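Engineer: Mind looking over this structure? Questions follow.
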Amino acid sequence: MTINPPAYKKILVAVDFSSSSKNIAARALDIARTHGAELTLLHAVEYLSPLSFGDELIPSPDWLLVEKQLVKQGEASLLTFAKEMQMTEAQRLVPSGSPSHEIVERAKALGIDLVVVGTHGRRGLQRLLGSTASSVINRAPCDVLAVRVEKE
Ligand code: AMP
């Protein structure tokens, strides 16, 4: 008996701009072409305002401005990345927050059926599986492809 799994329709790629990001995106692009799937690129801006440390009760306008600026930079970098990867058709998302949380919540909200992450990113290669990848694998509502990132 042959089982034919349904083709992926919506693929989300988690981009942290580390040196392996292009390999990870290329893998997602290849799968998207084969399956005729839509692509979404997501880069989460990890910004710790003083609120995160409980120093203030309300975010000061200065901190909100810094966060806005970081999101703007992230949007520009993601557009450059999409152009370099010939992925300008892809939807681009630059939320501010923890990467694993944003990846999982956006995947749920958008009805994503495959999330593509790297096994490791900027936060070091000493662990077997990076913290973002393991957290996404545990909590995602769909399949997750963890693309192997080798030590350089
Ligand atoms: P890490 O947990 O830093 O080892 O990262 C593992 C993988 O999670 C990376 O290869 C990316 O696919 C994804 N990732 C990490 N940080 C971010 C981020 N800020 N935005 C989007 N994806 C991320």
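Within each chain, counting starts at residue 1; across the structure tokens, chains are named A, B, ... in the order shown, with ligands numbered 1 upward in that order.
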Fewer than 2 positions away in the same chain doesn't count, so skip those; otherwise give me all residues within 12 Å of Lys72 (chain A), counting only C-alpha atoms, as a PyMOL selection string.

Structural biologist: chain A and resi 43-45+65-70+74-79+93-96

Engineer: Output as CSV one row per residue of chain A within 10 Å of ligand 1: the closest atom pair and its distance in Å to one decimal place, counting only C-alpha atoms and all ligand atoms, sorted by chain and residue number ascending.

Structural biologist:
```
residue,atom,partner,partner_atom_place_in_ligand_line,distance
A:Val13,CA,ligand 1,12 (O),7.0
A:Ala14,CA,ligand 1,22 (N),3.8
A:Val15,CA,ligand 1,22 (N),4.3
A:Asp16,CA,ligand 1,17 (C),4.2
A:Phe17,CA,ligand 1,18 (C),8.0
A:Ser18,CA,ligand 1,10 (O),7.2
A:Ser19,CA,ligand 1,10 (O),9.1
A:Ser20,CA,ligand 1,10 (O),6.9
A:Ser21,CA,ligand 1,10 (O),6.4
A:Lys22,CA,ligand 1,10 (O),9.9
A:Asn23,CA,ligand 1,10 (O),9.7
A:Ile24,CA,ligand 1,12 (O),7.2
A:Ala25,CA,ligand 1,12 (O),8.9
A:Leu41,CA,ligand 1,21 (C),8.5
A:Leu42,CA,ligand 1,21 (C),5.6
A:His43,CA,ligand 1,20 (N),3.8
A:Ala44,CA,ligand 1,20 (N),3.9
A:Val45,CA,ligand 1,19 (N),5.6
A:Glu46,CA,ligand 1,19 (N),6.0
A:Tyr47,CA,ligand 1,19 (N),9.6
A:Gly74,CA,ligand 1,19 (N),9.5
A:Leu93,CA,ligand 1,21 (C),9.6
A:Val94,CA,ligand 1,20 (N),8.2
A:Pro95,CA,ligand 1,20 (N),8.7
A:Ser96,CA,ligand 1,19 (N),8.8
A:Gly97,CA,ligand 1,19 (N),8.3
A:Ser98,CA,ligand 1,19 (N),7.2
A:Pro99,CA,ligand 1,18 (C),4.7
A:Ser100,CA,ligand 1,23 (C),7.3
A:Glu102,CA,ligand 1,21 (C),8.2
A:Ile103,CA,ligand 1,21 (C),7.2
A:Val115,CA,ligand 1,12 (O),9.3
A:Val116,CA,ligand 1,12 (O),6.8
A:Val117,CA,ligand 1,12 (O),3.5
A:Gly118,CA,ligand 1,10 (O),3.2
A:Thr119,CA,ligand 1,6 (C),5.2
A:His120,CA,ligand 1,4 (O),3.4
A:Gly121,CA,ligand 1,5 (O),3.5
A:Arg122,CA,ligand 1,3 (O),4.7
A:Arg123,CA,ligand 1,3 (O),4.1
A:Gly124,CA,ligand 1,4 (O),6.0
A:Leu125,CA,ligand 1,4 (O),6.9
A:Gln126,CA,ligand 1,4 (O),9.3
A:Arg127,CA,ligand 1,4 (O),8.3
A:Leu128,CA,ligand 1,4 (O),9.5
A:Leu129,CA,ligand 1,4 (O),7.0
A:Gly130,CA,ligand 1,4 (O),3.6
A:Ser131,CA,ligand 1,2 (O),4.1
A:Thr132,CA,ligand 1,2 (O),3.6
A:Ala133,CA,ligand 1,6 (C),5.1
A:Ser134,CA,ligand 1,2 (O),7.8
A:Ser135,CA,ligand 1,2 (O),8.5
A:Val136,CA,ligand 1,8 (O),8.4
A:Leu145,CA,ligand 1,12 (O),9.8
A:Ala146,CA,ligand 1,12 (O),8.0
A:Val147,CA,ligand 1,10 (O),7.8
A:Arg148,CA,ligand 1,10 (O),8.8
A:Val149,CA,ligand 1,10 (O),7.5
```

Engineer: Just checking: using only C-alpha atoms, which residue out of A:Asn4, A:Thr80, A:Thr40, A:Gln73 ends up closest to Gly111 (chain A)?

Structural biologist: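 Between A:Asn4, A:Thr80, A:Thr40, A:Gln73, the residue approaching Gly111 (chain A) most closely is A:Thr40.
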
Engineer: Determine which residues of region 36-119 of chain A DSSP labels as strand (DSSP E) from the backbone of this structure, then write them out as a tab-separated table (two decimals) with all heavy atoms, in the first residue's frame.

Structural biologist:
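Once everything was written out, this is result00.tsv:
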```tsv
chain	number	residue	atom	x	y	z
A	38	GLU	N	3.25	28.26	-0.70
A	38	GLU	CA	3.56	29.67	-0.44
A	38	GLU	C	4.63	29.73	0.64
A	38	GLU	O	4.61	28.92	1.57
A	38	GLU	CB	2.34	30.37	0.18
A	38	GLU	CG	1.27	30.78	-0.75
A	38	GLU	CD	0.04	31.28	0.04
A	38	GLU	OE1	0.18	31.72	1.19
A	38	GLU	OE2	-1.04	31.16	-0.53
A	39	LEU	N	5.51	30.75	0.55
A	39	LEU	CA	6.57	30.89	1.55
A	39	LEU	C	6.35	32.13	2.41
A	39	LEU	O	5.91	33.17	1.91
A	39	LEU	CB	7.91	31.03	0.86
A	39	LEU	CG	8.60	29.75	0.40
A	39	LEU	CD1	9.75	30.09	-0.54
A	39	LEU	CD2	9.12	28.95	1.59
A	40	THR	N	6.69	32.01	3.68
A	40	THR	CA	6.73	33.16	4.58
A	40	THR	C	8.09	33.18	5.25
A	40	THR	O	8.54	32.15	5.77
A	40	THR	CB	5.63	33.05	5.67
A	40	THR	OG1	4.35	33.05	5.04
A	40	THR	CG2	5.70	34.21	6.65
A	41	LEU	N	8.75	34.34	5.20
A	41	LEU	CA	10.03	34.50	5.90
A	41	LEU	C	9.76	35.24	7.20
A	41	LEU	O	9.06	36.26	7.19
A	41	LEU	CB	11.00	35.34	5.05
A	41	LEU	CG	11.42	34.78	3.70
A	41	LEU	CD1	12.17	35.84	2.90
A	41	LEU	CD2	12.30	33.55	3.89
A	42	LEU	N	10.32	34.74	8.29
A	42	LEU	CA	10.10	35.41	9.59
A	42	LEU	C	11.45	35.67	10.27
A	42	LEU	O	12.27	34.75	10.40
A	42	LEU	CB	9.22	34.55	10.49
A	42	LEU	CG	8.87	35.14	11.86
A	42	LEU	CD1	7.48	34.69	12.30
A	42	LEU	CD2	9.88	34.81	12.94
A	91	GLN	N	5.95	36.21	1.71
A	91	GLN	CA	5.48	37.16	2.72
A	91	GLN	C	6.62	37.36	3.72
A	91	GLN	O	7.35	36.41	4.01
A	91	GLN	CB	4.26	36.55	3.42
A	91	GLN	CG	3.64	37.44	4.45
A	91	GLN	CD	2.47	36.77	5.18
A	91	GLN	OE1	2.26	35.57	5.09
A	91	GLN	NE2	1.73	37.56	5.92
A	92	ARG	N	6.78	38.58	4.23
A	92	ARG	CA	7.85	38.83	5.20
A	92	ARG	C	7.25	39.32	6.52
A	92	ARG	O	6.43	40.23	6.52
A	92	ARG	CB	8.85	39.87	4.67
A	92	ARG	CG	9.63	39.38	3.47
A	92	ARG	CD	10.69	40.42	3.08
A	92	ARG	NE	10.14	41.72	2.79
A	92	ARG	CZ	9.61	42.08	1.63
A	92	ARG	NH1	9.56	41.21	0.63
A	92	ARG	NH2	9.11	43.29	1.45
A	93	LEU	N	7.69	38.71	7.62
A	93	LEU	CA	7.19	39.09	8.95
A	93	LEU	C	8.37	39.42	9.85
A	93	LEU	O	9.34	38.64	9.92
A	93	LEU	CB	6.42	37.93	9.59
A	93	LEU	CG	5.17	37.41	8.87
A	93	LEU	CD1	4.63	36.18	9.61
A	93	LEU	CD2	4.12	38.49	8.79
A	114	LEU	N	4.35	23.64	7.35
A	114	LEU	CA	5.75	23.24	7.56
A	114	LEU	C	6.56	24.44	8.04
A	114	LEU	O	6.55	25.50	7.39
A	114	LEU	CB	6.38	22.69	6.27
A	114	LEU	CG	7.86	22.29	6.38
A	114	LEU	CD1	8.04	21.07	7.29
A	114	LEU	CD2	8.47	22.01	5.01
A	115	VAL	N	7.26	24.27	9.15
A	115	VAL	CA	8.19	25.30	9.64
A	115	VAL	C	9.60	24.80	9.37
A	115	VAL	O	9.92	23.64	9.64
A	115	VAL	CB	8.00	25.55	11.16
A	115	VAL	CG1	9.13	26.44	11.70
A	115	VAL	CG2	6.66	26.20	11.45
A	116	VAL	N	10.45	25.67	8.81
A	116	VAL	CA	11.84	25.30	8.55
A	116	VAL	C	12.75	26.17	9.42
A	116	VAL	O	12.71	27.40	9.33
A	116	VAL	CB	12.20	25.47	7.05
A	116	VAL	CG1	13.64	25.05	6.79
A	116	VAL	CG2	11.24	24.66	6.17
A	117	VAL	N	13.53	25.51	10.28
A	117	VAL	CA	14.49	26.22	11.16
A	117	VAL	C	15.86	25.57	10.98
A	117	VAL	O	15.97	24.47	10.44
A	117	VAL	CB	14.11	26.10	12.66
A	117	VAL	CG1	12.90	26.91	13.02
A	117	VAL	CG2	13.95	24.66	13.09
A	118	GLY	N	16.89	26.22	11.50
A	118	GLY	CA	18.21	25.61	11.54
A	118	GLY	C	18.37	24.87	12.86
A	118	GLY	O	17.73	25.22	13.85
```

Engineer: I'd like the interatomic distance between CA of Pro61 (chain A) and CA of His101 (chain A), to a tenth of an Å.

Structural biologist: 24.7 Å

Engineer: Can you work out which one of A:Glu89, A:Glu84, A:Asp143, A:Asp62 has the shortest atom-to-atom distance to Lys108 (chain A), counting only C-alpha atoms?

Structural biologist: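 Among A:Glu89, A:Glu84, A:Asp143, A:Asp62, it is A:Asp143 that comes nearest to Lys108 (chain A).
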
Engineer: What gap, in Å, lies between CA of Ile112 (chain A) and CA of Thr2 (chain A)?

Structural biologist: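 One can read the CA of Ile112 (chain A) to CA of Thr2 (chain A) distance as 25.3 Å.
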